[in-house]
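*Asks:* Input target-v4.cif, format and content: mmCIF, C-alpha atoms.
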```
data_model
loop_
_atom_site.label_atom_id
_atom_site.label_comp_id
_atom_site.auth_asym_id
_atom_site.auth_seq_id
_atom_site.Cartn_x
_atom_site.Cartn_y
_atom_site.Cartn_z
CA MET A 14 7.53 142.43 200.67
CA THR A 15 4.90 142.53 203.42
CA ASP A 16 3.09 139.52 201.97
CA ASP A 17 6.36 137.55 201.88
CA LEU A 18 7.21 138.29 205.52
CA VAL A 19 3.63 138.07 206.82
CA PRO A 20 1.68 135.65 204.59
CA ASP A 21 -2.09 135.52 204.69
CA ASP A 22 -2.27 132.34 206.77
CA LEU A 23 -0.12 133.96 209.45
CA TRP A 24 -1.88 137.32 209.42
CA GLU A 25 -5.39 135.87 209.68
CA ARG A 26 -4.38 134.25 212.97
CA VAL A 27 -2.43 137.20 214.33
CA GLU A 28 -4.91 139.98 213.58
CA PRO A 29 -7.68 138.93 216.04
CA LEU A 30 -5.15 138.77 218.88
CA LEU A 31 -3.72 142.27 218.52
CA PRO A 32 -5.03 145.04 220.79
CA ALA A 33 -7.15 147.76 219.25
CA PRO A 34 -5.25 150.91 218.22
CA PRO A 35 -5.53 153.82 220.65
CA ALA A 36 -8.27 156.34 219.98
CA ARG A 37 -7.28 159.70 218.56
CA ARG A 38 -7.19 162.49 221.11
CA HIS A 39 -7.64 165.31 218.60
CA ARG A 40 -9.98 165.95 215.73
CA SER A 41 -7.19 166.67 213.28
CA PRO A 42 -6.18 163.51 211.42
CA GLY A 43 -2.45 163.97 211.98
CA ARG A 44 -0.03 161.33 210.79
CA VAL A 45 -1.60 158.19 209.40
CA ARG A 46 -0.99 155.18 211.65
CA THR A 47 1.17 152.45 210.16
CA PRO A 48 -0.93 149.33 209.48
CA ASP A 49 -0.33 146.54 211.96
CA ARG A 50 0.53 144.06 209.20
CA VAL A 51 3.29 146.32 207.93
CA ALA A 52 4.68 146.76 211.45
CA LEU A 53 4.62 142.99 211.95
CA ALA A 54 6.55 142.60 208.70
CA GLY A 55 9.27 144.79 210.20
CA ILE A 56 9.39 142.58 213.30
CA VAL A 57 9.68 139.41 211.21
CA TYR A 58 12.36 141.07 209.07
CA VAL A 59 14.50 141.78 212.15
CA LEU A 60 13.84 138.26 213.46
CA ARG A 61 15.13 136.73 210.25
CA LYS A 62 17.92 139.07 209.19
CA GLU A 63 19.67 139.98 212.48
CA VAL A 64 19.75 143.71 211.74
CA ALA A 65 19.43 146.56 214.20
CA TRP A 66 16.00 148.11 214.50
CA ARG A 67 17.30 151.40 213.14
CA ASP A 68 18.61 149.58 210.03
CA VAL A 69 15.24 148.21 208.92
CA PRO A 70 14.79 149.40 205.31
CA ALA A 71 11.73 151.63 205.60
CA MET A 72 11.37 151.97 201.83
CA LEU A 73 11.27 148.19 201.47
CA ILE A 74 9.14 147.27 204.48
CA GLY A 75 6.84 150.28 204.60
CA CYS A 76 7.66 151.50 208.12
CA SER A 77 10.66 152.34 210.26
CA GLY A 78 12.29 149.90 212.62
CA VAL A 79 11.42 152.12 215.56
CA THR A 80 7.72 151.75 214.74
CA SER A 81 8.09 147.97 214.55
CA TRP A 82 9.93 147.93 217.88
CA ARG A 83 7.14 149.93 219.53
CA ARG A 84 4.51 147.53 218.22
CA LEU A 85 6.59 144.61 219.47
CA ARG A 86 6.68 146.26 222.90
CA ASP A 87 2.95 146.97 222.93
CA TRP A 88 1.92 143.55 221.65
CA THR A 89 4.25 141.80 224.07
CA GLN A 90 2.74 143.69 226.99
CA ALA A 91 -0.73 142.75 225.70
CA GLY A 92 0.20 139.04 225.72
CA ALA A 93 -0.36 138.47 222.00
CA TRP A 94 2.53 136.08 221.38
CA PRO A 95 1.70 133.27 223.87
CA ARG A 96 -1.92 133.33 222.70
CA LEU A 97 -0.78 133.07 219.08
CA HIS A 98 1.43 130.12 219.96
CA GLN A 99 -1.50 128.41 221.69
CA VAL A 100 -3.67 128.91 218.60
CA PHE A 101 -1.15 127.09 216.43
CA LEU A 102 -0.69 124.28 218.96
CA THR A 103 -4.45 123.75 219.02
CA GLU A 104 -4.63 123.57 215.24
CA LEU A 105 -1.74 121.11 215.11
CA ARG A 106 -3.40 118.85 217.67
CA THR A 107 -6.69 119.04 215.81
CA ALA A 108 -4.90 118.03 212.60
CA GLY A 109 -3.27 115.07 214.37
CA LYS A 110 0.24 116.53 213.99
CA MET A 111 0.99 116.91 217.68
CA GLU A 112 1.50 114.29 220.38
CA MET A 113 2.50 114.72 224.00
CA ASP A 114 3.18 111.18 225.11
CA GLY A 115 6.96 111.61 225.12
CA CYS A 116 8.56 115.05 225.07
CA ALA A 117 12.20 116.17 225.20
CA ILE A 118 13.78 119.09 227.05
CA ASP A 119 17.15 120.80 226.81
CA GLY A 120 18.95 124.14 227.06
CA SER A 121 21.14 126.00 224.58
CA PRO A 122 23.54 128.84 225.55
CA ILE A 123 23.88 132.00 223.46
CA ARG A 124 25.85 135.22 223.81
CA ALA A 125 24.20 138.41 225.10
CA LEU A 126 26.12 141.35 223.68
CA LYS A 127 24.21 144.17 225.35
CA GLY A 128 23.55 142.67 228.78
CA GLY A 129 20.24 143.45 230.39
CA ARG A 130 17.85 141.64 232.65
CA GLY A 131 18.12 137.87 232.70
CA VAL A 132 21.76 137.84 231.58
CA GLY A 133 24.58 136.15 233.47
CA PRO A 134 28.16 134.98 233.02
CA SER A 135 28.18 132.16 230.52
CA LEU A 136 29.56 128.84 231.76
CA VAL A 137 30.71 127.87 228.25
CA ASP A 138 32.07 131.20 226.98
CA ARG A 139 34.73 132.29 229.51
CA ALA A 140 32.17 134.00 231.76
CA ARG A 141 31.20 136.50 229.06
CA PRO A 142 27.64 137.88 229.33
CA GLY A 143 25.33 135.21 228.07
CA SER A 144 21.82 133.86 228.09
CA LYS A 145 20.32 130.42 227.71
CA HIS A 146 17.26 129.18 225.85
CA HIS A 147 15.32 126.39 227.56
CA LEU A 148 13.04 124.43 225.24
CA ILE A 149 10.61 121.54 225.45
CA VAL A 150 9.29 119.85 222.30
CA ASP A 151 7.00 116.97 221.40
CA PRO A 152 8.18 113.90 219.41
CA ALA A 153 7.24 115.68 216.18
CA ARG A 154 9.67 118.56 217.00
CA THR A 155 6.87 121.02 217.77
CA PRO A 156 8.02 123.66 220.29
CA LEU A 157 5.66 123.53 223.27
CA ALA A 158 7.32 126.11 225.53
CA VAL A 159 10.49 128.18 225.54
CA SER A 160 12.04 130.51 228.08
CA PRO A 161 15.28 132.53 228.31
CA THR A 162 17.42 132.74 231.45
CA GLY A 163 20.89 133.89 232.37
CA GLY A 164 23.85 131.99 231.01
CA ASN A 165 24.84 130.84 234.50
CA ARG A 166 21.52 129.13 235.23
CA HIS A 167 21.58 125.35 235.39
CA ASP A 168 19.21 123.53 233.05
CA VAL A 169 17.49 121.72 235.90
CA THR A 170 16.32 125.00 237.47
CA GLU A 171 13.96 125.53 234.53
CA LEU A 172 12.59 121.99 234.46
CA ILE A 173 9.32 122.58 236.32
CA PRO A 174 8.82 126.24 235.23
CA LEU A 175 9.09 125.16 231.60
CA LEU A 176 6.57 122.36 232.11
CA ASP A 177 4.22 124.83 233.78
CA ALA A 178 4.62 127.16 230.79
CA ILE A 179 3.06 124.62 228.40
CA PRO A 180 -0.42 126.00 227.64
CA PRO A 181 -3.47 123.73 227.83
CA VAL A 182 -3.96 122.50 224.27
CA PRO A 183 -7.46 121.47 223.19
CA GLY A 184 -8.33 120.15 219.75
CA LEU A 185 -9.46 116.58 220.53
CA ARG A 186 -12.09 115.00 222.72
CA GLY A 187 -11.43 115.15 226.42
CA ARG A 188 -9.56 117.61 228.55
CA PRO A 189 -6.92 119.88 227.01
CA ARG A 190 -3.42 118.40 227.32
CA SER A 191 -0.73 120.35 229.15
CA ARG A 192 1.49 117.54 230.47
CA PRO A 193 3.49 114.86 228.66
CA LYS A 194 3.41 111.26 229.85
CA ARG A 195 7.20 110.89 229.61
CA LEU A 196 10.03 113.41 229.52
CA PHE A 197 13.41 112.66 227.94
CA ALA A 198 16.44 114.63 229.13
CA ASP A 199 20.24 114.44 229.13
CA ARG A 200 22.64 114.09 232.06
CA GLY A 201 22.23 117.72 233.04
CA TYR A 202 18.88 116.81 234.58
CA ASP A 203 20.16 113.74 236.43
CA PHE A 204 19.10 114.60 239.99
CA ASP A 205 16.90 112.63 242.34
CA LYS A 206 14.95 115.77 243.17
CA SER A 207 14.08 116.40 239.54
CA ARG A 208 12.88 112.82 239.17
CA ARG A 209 10.70 113.13 242.27
CA LEU A 210 9.20 116.38 240.98
CA LEU A 211 8.40 114.80 237.62
CA TRP A 212 6.74 111.79 239.24
CA LYS A 213 4.78 114.21 241.43
CA HIS A 214 3.47 115.90 238.28
CA GLY A 215 2.46 112.55 236.82
CA ILE A 216 5.35 112.45 234.34
CA LYS A 217 7.70 109.49 233.90
CA PRO A 218 11.33 110.73 233.82
CA VAL A 219 13.64 109.18 231.22
CA ILE A 220 16.93 110.86 232.09
CA ALA A 221 20.46 109.74 231.22
CA ARG A 222 22.63 108.80 234.19
CA ARG A 223 25.84 110.70 234.89
CA GLY A 224 28.89 108.50 234.74
CA ALA A 225 27.15 105.87 232.66
CA PRO A 226 28.84 105.00 229.35
CA HIS A 227 27.45 106.53 226.20
CA GLY A 228 25.46 104.45 223.78
CA SER A 229 22.29 104.00 225.82
CA GLY A 230 20.16 104.85 222.78
CA LEU A 231 18.49 107.81 224.48
CA GLY A 232 19.92 110.13 221.82
CA ARG A 233 17.67 108.55 219.22
CA THR A 234 14.73 109.97 221.16
CA ARG A 235 16.24 113.23 222.36
CA TRP A 236 17.50 114.45 218.98
CA VAL A 237 14.16 116.15 218.27
CA VAL A 238 14.93 119.00 220.66
CA GLU A 239 18.31 119.57 218.99
CA ARG A 240 16.56 119.73 215.62
CA THR A 241 14.16 122.34 216.90
CA PHE A 242 17.05 124.40 218.25
CA ALA A 243 18.48 124.33 214.72
CA TRP A 244 15.17 125.69 213.44
CA PHE A 245 15.38 128.48 216.02
CA HIS A 246 18.85 129.40 214.85
CA GLN A 247 17.52 129.89 211.32
CA PHE A 248 16.08 133.06 212.83
CA LYS A 249 19.37 134.96 212.99
CA ARG A 250 18.14 137.37 215.66
CA LEU A 251 17.93 134.45 218.11
CA ARG A 252 21.52 133.27 217.65
CA ILE A 253 22.73 136.17 219.80
CA ARG A 254 20.64 138.04 222.31
CA TYR A 255 20.53 141.74 221.45
CA GLU A 256 17.43 142.79 223.45
CA ARG A 257 18.19 144.16 226.88
CA ARG A 258 14.58 143.63 227.91
CA ALA A 259 13.85 140.00 228.74
CA ASP A 260 10.15 140.31 227.85
CA LEU A 261 10.94 141.47 224.29
CA HIS A 262 13.40 138.62 223.80
CA GLN A 263 10.74 136.23 225.09
CA GLY A 264 8.26 137.74 222.62
CA LEU A 265 10.61 137.10 219.69
CA LEU A 266 11.11 133.51 220.88
CA GLU A 267 7.36 132.92 221.03
CA LEU A 268 6.87 134.48 217.60
CA ALA A 269 9.51 132.10 216.24
CA CYS A 270 7.62 129.20 217.88
CA SER A 271 4.45 130.27 216.07
CA ILE A 272 6.21 130.49 212.70
CA ILE A 273 7.71 127.02 213.19
CA CYS A 274 4.26 125.67 214.07
CA LEU A 275 2.82 127.34 210.95
CA ARG A 276 5.39 125.59 208.77
CA ARG A 277 4.43 122.25 210.29
CA LEU A 278 0.75 123.03 209.88
CA ARG A 279 1.20 123.74 206.18
CA LYS A 280 2.64 120.25 205.71
CA ALA A 281 -0.40 118.73 207.43
CA PHE A 282 -2.70 119.46 204.51
#
```
Can you give me the file's structure in the form of structure tokens?
*Replies:*
Amino acid sequence: MTDDLVPDDLWERVEPLLPAPPARRHRSPGRVRTPDRVALAGIVYVLRKEVAWRDVPAMLIGCSGVTSWRRLRDWTQAGAWPRLHQVFLTELRTAGKMEMDGCAIDGSPIRALKGGRGVGPSLVDRARPGSKHHLIVDPARTPLAVSPTGGNRHDVTELIPLLDAIPPVPGLRGRPRSRPKRLFADRGYDFDKSRRLLWKHGIKPVIARRGAPHGSGLGRTRWVVERTFAWFHQFKRLRIRYERRADLHQGLLELACSIICLRRLRKAF
């Protein structure tokens, strides 16, 4: 079961990024520490199956859900997930499967059943507690950066923070890329200020105009971000926000980004 949830090509990239286990404080051996790969399998199981941490089948996975949750907390605090995502982005660019000339950005609202930090009244769900995923992808549907906010946050407020969250991606000759040349967005980003900020960052804005009739053809370019959102929703834990802690929810989002990048990398060879 562990090998199915955490295959070798995923584990060989994750293992060097995990912090070293704490040193024992006593001479007695005590309880044997659960291997990191087994704990990661529990995290991936929850990400895929949308079960509570306490309901993780310990006999099937090899560890309890509480142990997996603690490793998720520790590894999130150590910054393992954004570094893992950057590793996969670098490999994709090296393999020629990533391009940043024209990227697309959008937001997707979800429900937040347990509240917590970064949760607000949803604008599309009768003001129920909700959150929103903001995502930017390249033309090949590769997730470059993702961030969660409250459900009442406007998409345009995360425009520049999401661009700044794109890590510098090496892999080819020249400087690492961290900025697209063009950015495609829907009418929710149609503000003069957002266009000025994009031009200031050296990015050409291609944003649909509010009030203009549909059929401009921009949807043929922007659909890639909607496709990536569909990939995210294949991870059932991300359809509804259950984590009260925003950093743990962000960690699960970044882990999902890495798994999506791994799937694309497998098709590159």
*Asks:* Can you pull out the residues contacting A:Trp66? Cut-off 8 Å, using all atoms listed in the file, and skip same-chain residues under 3 positions away; I want them as a list in words.
*Replies:*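 In the requested format, the answer is Val59, Val69, Gly78, Val79, Ser81 and Trp82 of chain A.
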*Asks:* Env of A:Val137: 10 Å cut, atoms = only C-alpha atoms, seq-sep filter 5 positions within chain, self excluded. Answer as a PyMOL selection string.
*Replies:* chain A and resi 122-124+143+164-165
*Asks:* Those residues with C-alpha atoms, as a compact mmCIF listing (two decimals), in the coordinates of the input please?
*Replies:*
```
# COMPACT_ATOMS: atom_id res chain seq x y z
CA PRO A 122 23.54 128.84 225.55
CA ILE A 123 23.88 132.00 223.46
CA ARG A 124 25.85 135.22 223.81
CA GLY A 143 25.33 135.21 228.07
CA GLY A 164 23.85 131.99 231.01
CA ASN A 165 24.84 130.84 234.50
```
*Asks:* Hey, which bits of stretch 39-138 of chain A sit within 7 Å of stretch 237-249 of chain A, and for each residue what's the closest pair of atoms and how far apart in Å (one decimal), counting all atoms listed in the file, rows by chain and increasing number, as JSON lines?
*Replies:*
```
{"residue": "A:Leu60", "atom": "CA", "partner": "A:Phe248", "partner_atom": "CA", "distance": 5.7}
{"residue": "A:Arg61", "atom": "CA", "partner": "A:Phe248", "partner_atom": "CA", "distance": 4.6}
{"residue": "A:Lys62", "atom": "CA", "partner": "A:Lys249", "partner_atom": "CA", "distance": 5.8}
{"residue": "A:Glu63", "atom": "CA", "partner": "A:Lys249", "partner_atom": "CA", "distance": 5.1}
{"residue": "A:Ala117", "atom": "CA", "partner": "A:Val238", "partner_atom": "CA", "distance": 6.0}
{"residue": "A:Ile118", "atom": "CA", "partner": "A:Val238", "partner_atom": "CA", "distance": 6.5}
{"residue": "A:Asp119", "atom": "CA", "partner": "A:Val238", "partner_atom": "CA", "distance": 6.8}
```
*Asks:* Can you list, as an MDAnalysis selection string, the residues that the PyMOL selection byres ((chain A and resi 27) around 12) selects here?
*Replies:* chainID A and resid 19:26 28:32 49:50 53:54 88 92:101 268 271:272 275
*Asks:* Could you check the closest approach to A:Arg257 for each of A:Ser191, A:Thr155, A:Ser144, A:Ser77 and tell me which residue wins, using only C-alpha atoms?
*Replies:* A:Ser144
*Asks:* Kindly resolve the PyMOL selection byres ((chain A and resi 195) around 10) on the present coordinates and return the residues as a PDB file with C-alpha atoms, in the coordinates of the input.
*Replies:*
```
ATOM      1  CA  MET A 113       2.500 114.720 224.000  1.00  0.00           C
ATOM      2  CA  ASP A 114       3.180 111.180 225.110  1.00  0.00           C
ATOM      3  CA  GLY A 115       6.960 111.610 225.120  1.00  0.00           C
ATOM      4  CA  CYS A 116       8.560 115.050 225.070  1.00  0.00           C
ATOM      5  CA  ALA A 117      12.200 116.170 225.200  1.00  0.00           C
ATOM      6  CA  ARG A 192       1.490 117.540 230.470  1.00  0.00           C
ATOM      7  CA  PRO A 193       3.490 114.860 228.660  1.00  0.00           C
ATOM      8  CA  LYS A 194       3.410 111.260 229.850  1.00  0.00           C
ATOM      9  CA  LEU A 196      10.030 113.410 229.520  1.00  0.00           C
ATOM     10  CA  PHE A 197      13.410 112.660 227.940  1.00  0.00           C
ATOM     11  CA  ALA A 198      16.440 114.630 229.130  1.00  0.00           C
ATOM     12  CA  LEU A 211       8.400 114.800 237.620  1.00  0.00           C
ATOM     13  CA  TRP A 212       6.740 111.790 239.240  1.00  0.00           C
ATOM     14  CA  GLY A 215       2.460 112.550 236.820  1.00  0.00           C
ATOM     15  CA  ILE A 216       5.350 112.450 234.340  1.00  0.00           C
ATOM     16  CA  LYS A 217       7.700 109.490 233.900  1.00  0.00           C
ATOM     17  CA  PRO A 218      11.330 110.730 233.820  1.00  0.00           C
ATOM     18  CA  VAL A 219      13.640 109.180 231.220  1.00  0.00           C
TER      19      VAL A 219
END
```
*Asks:* Would you mind reading off the distance between atom CA of A:Leu231 and atom CA of A:Ile253, one decimal, in Å?
*Replies:* 29.1 Å
*Asks:* Take stretch 158-262 of chain A from the block and save it with C-alpha atoms, as a short mmCIF file (atom, residue, chain, number, x, y, z; two decimals), in the first residue's frame.
*Replies:*
```
data_model
loop_
_atom_site.label_atom_id
_atom_site.label_comp_id
_atom_site.auth_asym_id
_atom_site.auth_seq_id
_atom_site.Cartn_x
_atom_site.Cartn_y
_atom_site.Cartn_z
CA ALA A 158 1.80 28.67 -7.68
CA VAL A 159 -1.30 28.25 -5.55
CA SER A 160 -2.57 30.02 -2.46
CA PRO A 161 -5.73 29.82 -0.31
CA THR A 162 -7.60 32.87 0.99
CA GLY A 163 -10.95 33.62 2.56
CA GLY A 164 -14.07 33.13 0.48
CA ASN A 165 -14.79 36.87 0.54
CA ARG A 166 -11.47 37.88 -1.03
CA HIS A 167 -11.63 39.23 -4.56
CA ASP A 168 -9.50 37.43 -7.14
CA VAL A 169 -7.61 40.58 -8.05
CA THR A 170 -6.22 40.94 -4.51
CA GLU A 171 -4.10 37.83 -5.06
CA LEU A 172 -2.83 38.80 -8.50
CA ILE A 173 0.59 40.14 -7.54
CA PRO A 174 1.10 37.91 -4.43
CA LEU A 175 0.51 34.84 -6.58
CA LEU A 176 2.98 36.03 -9.21
CA ASP A 177 5.53 36.67 -6.46
CA ALA A 178 4.95 33.13 -5.18
CA ILE A 179 6.24 31.57 -8.41
CA PRO A 180 9.68 30.17 -7.52
CA PRO A 181 12.67 30.86 -9.77
CA VAL A 182 12.83 27.85 -12.08
CA PRO A 183 16.20 26.91 -13.58
CA GLY A 184 16.75 24.02 -15.96
CA LEU A 185 17.84 25.81 -19.15
CA ARG A 186 20.60 28.20 -20.10
CA GLY A 187 20.25 31.70 -18.77
CA ARG A 188 18.62 33.06 -15.67
CA PRO A 189 15.93 31.07 -13.86
CA ARG A 190 12.43 32.07 -14.98
CA SER A 191 9.95 33.37 -12.42
CA ARG A 192 7.77 35.66 -14.55
CA PRO A 193 5.56 34.94 -17.56
CA LYS A 194 5.64 37.20 -20.60
CA ARG A 195 1.83 37.35 -20.83
CA LEU A 196 -0.93 36.66 -18.33
CA PHE A 197 -4.45 35.64 -19.36
CA ALA A 198 -7.31 36.35 -16.96
CA ASP A 199 -11.10 36.67 -16.94
CA ARG A 200 -13.27 39.72 -16.23
CA GLY A 201 -12.68 39.47 -12.50
CA TYR A 202 -9.23 40.98 -13.05
CA ASP A 203 -10.44 43.79 -15.31
CA PHE A 204 -9.07 46.81 -13.43
CA ASP A 205 -6.74 49.51 -14.68
CA LYS A 206 -4.65 49.16 -11.54
CA SER A 207 -4.06 45.47 -12.13
CA ARG A 208 -2.99 46.17 -15.70
CA ARG A 209 -0.56 48.85 -14.55
CA LEU A 210 0.92 46.50 -11.96
CA LEU A 211 1.40 43.77 -14.55
CA TRP A 212 3.10 46.15 -16.98
CA LYS A 213 5.31 47.31 -14.10
CA HIS A 214 6.40 43.71 -13.55
CA GLY A 215 7.19 43.32 -17.24
CA ILE A 216 4.11 41.20 -17.96
CA LYS A 217 1.65 41.89 -20.78
CA PRO A 218 -1.94 41.67 -19.45
CA VAL A 219 -4.50 39.86 -21.61
CA ILE A 220 -7.66 40.38 -19.58
CA ALA A 221 -11.28 40.15 -20.73
CA ARG A 222 -13.22 43.41 -20.57
CA ARG A 223 -16.31 43.69 -18.38
CA GLY A 224 -19.42 44.47 -20.36
CA ALA A 225 -17.93 43.21 -23.60
CA PRO A 226 -19.91 40.47 -25.37
CA HIS A 227 -18.75 36.91 -24.98
CA GLY A 228 -17.01 35.14 -27.82
CA SER A 229 -13.70 37.00 -27.77
CA GLY A 230 -11.81 33.71 -28.03
CA LEU A 231 -9.92 34.25 -24.77
CA GLY A 232 -11.50 31.11 -23.33
CA ARG A 233 -9.51 28.99 -25.77
CA THR A 234 -6.39 30.17 -23.97
CA ARG A 235 -7.70 30.38 -20.42
CA TRP A 236 -9.20 26.88 -20.26
CA VAL A 237 -5.89 25.43 -19.05
CA VAL A 238 -6.38 26.85 -15.55
CA GLU A 239 -9.87 25.32 -15.36
CA ARG A 240 -8.40 21.96 -16.36
CA THR A 241 -5.83 22.18 -13.61
CA PHE A 242 -8.54 23.01 -11.08
CA ALA A 243 -10.25 19.79 -12.18
CA TRP A 244 -7.02 17.91 -11.46
CA PHE A 245 -6.94 19.48 -8.00
CA HIS A 246 -10.48 18.32 -7.31
CA GLN A 247 -9.43 14.74 -8.03
CA PHE A 248 -7.78 15.06 -4.62
CA LYS A 249 -11.00 14.84 -2.60
CA ARG A 250 -9.48 16.52 0.46
CA LEU A 251 -9.15 19.74 -1.55
CA ARG A 252 -12.80 19.93 -2.62
CA ILE A 253 -13.75 21.14 0.86
CA ARG A 254 -11.41 22.76 3.31
CA TYR A 255 -11.27 20.77 6.55
CA GLU A 256 -7.98 22.11 8.01
CA ARG A 257 -8.42 24.98 10.42
CA ARG A 258 -4.75 25.88 10.06
CA ALA A 259 -4.07 27.76 6.83
CA ASP A 260 -0.44 26.56 6.66
CA LEU A 261 -1.49 22.89 6.68
CA HIS A 262 -4.05 23.49 3.96
#
```
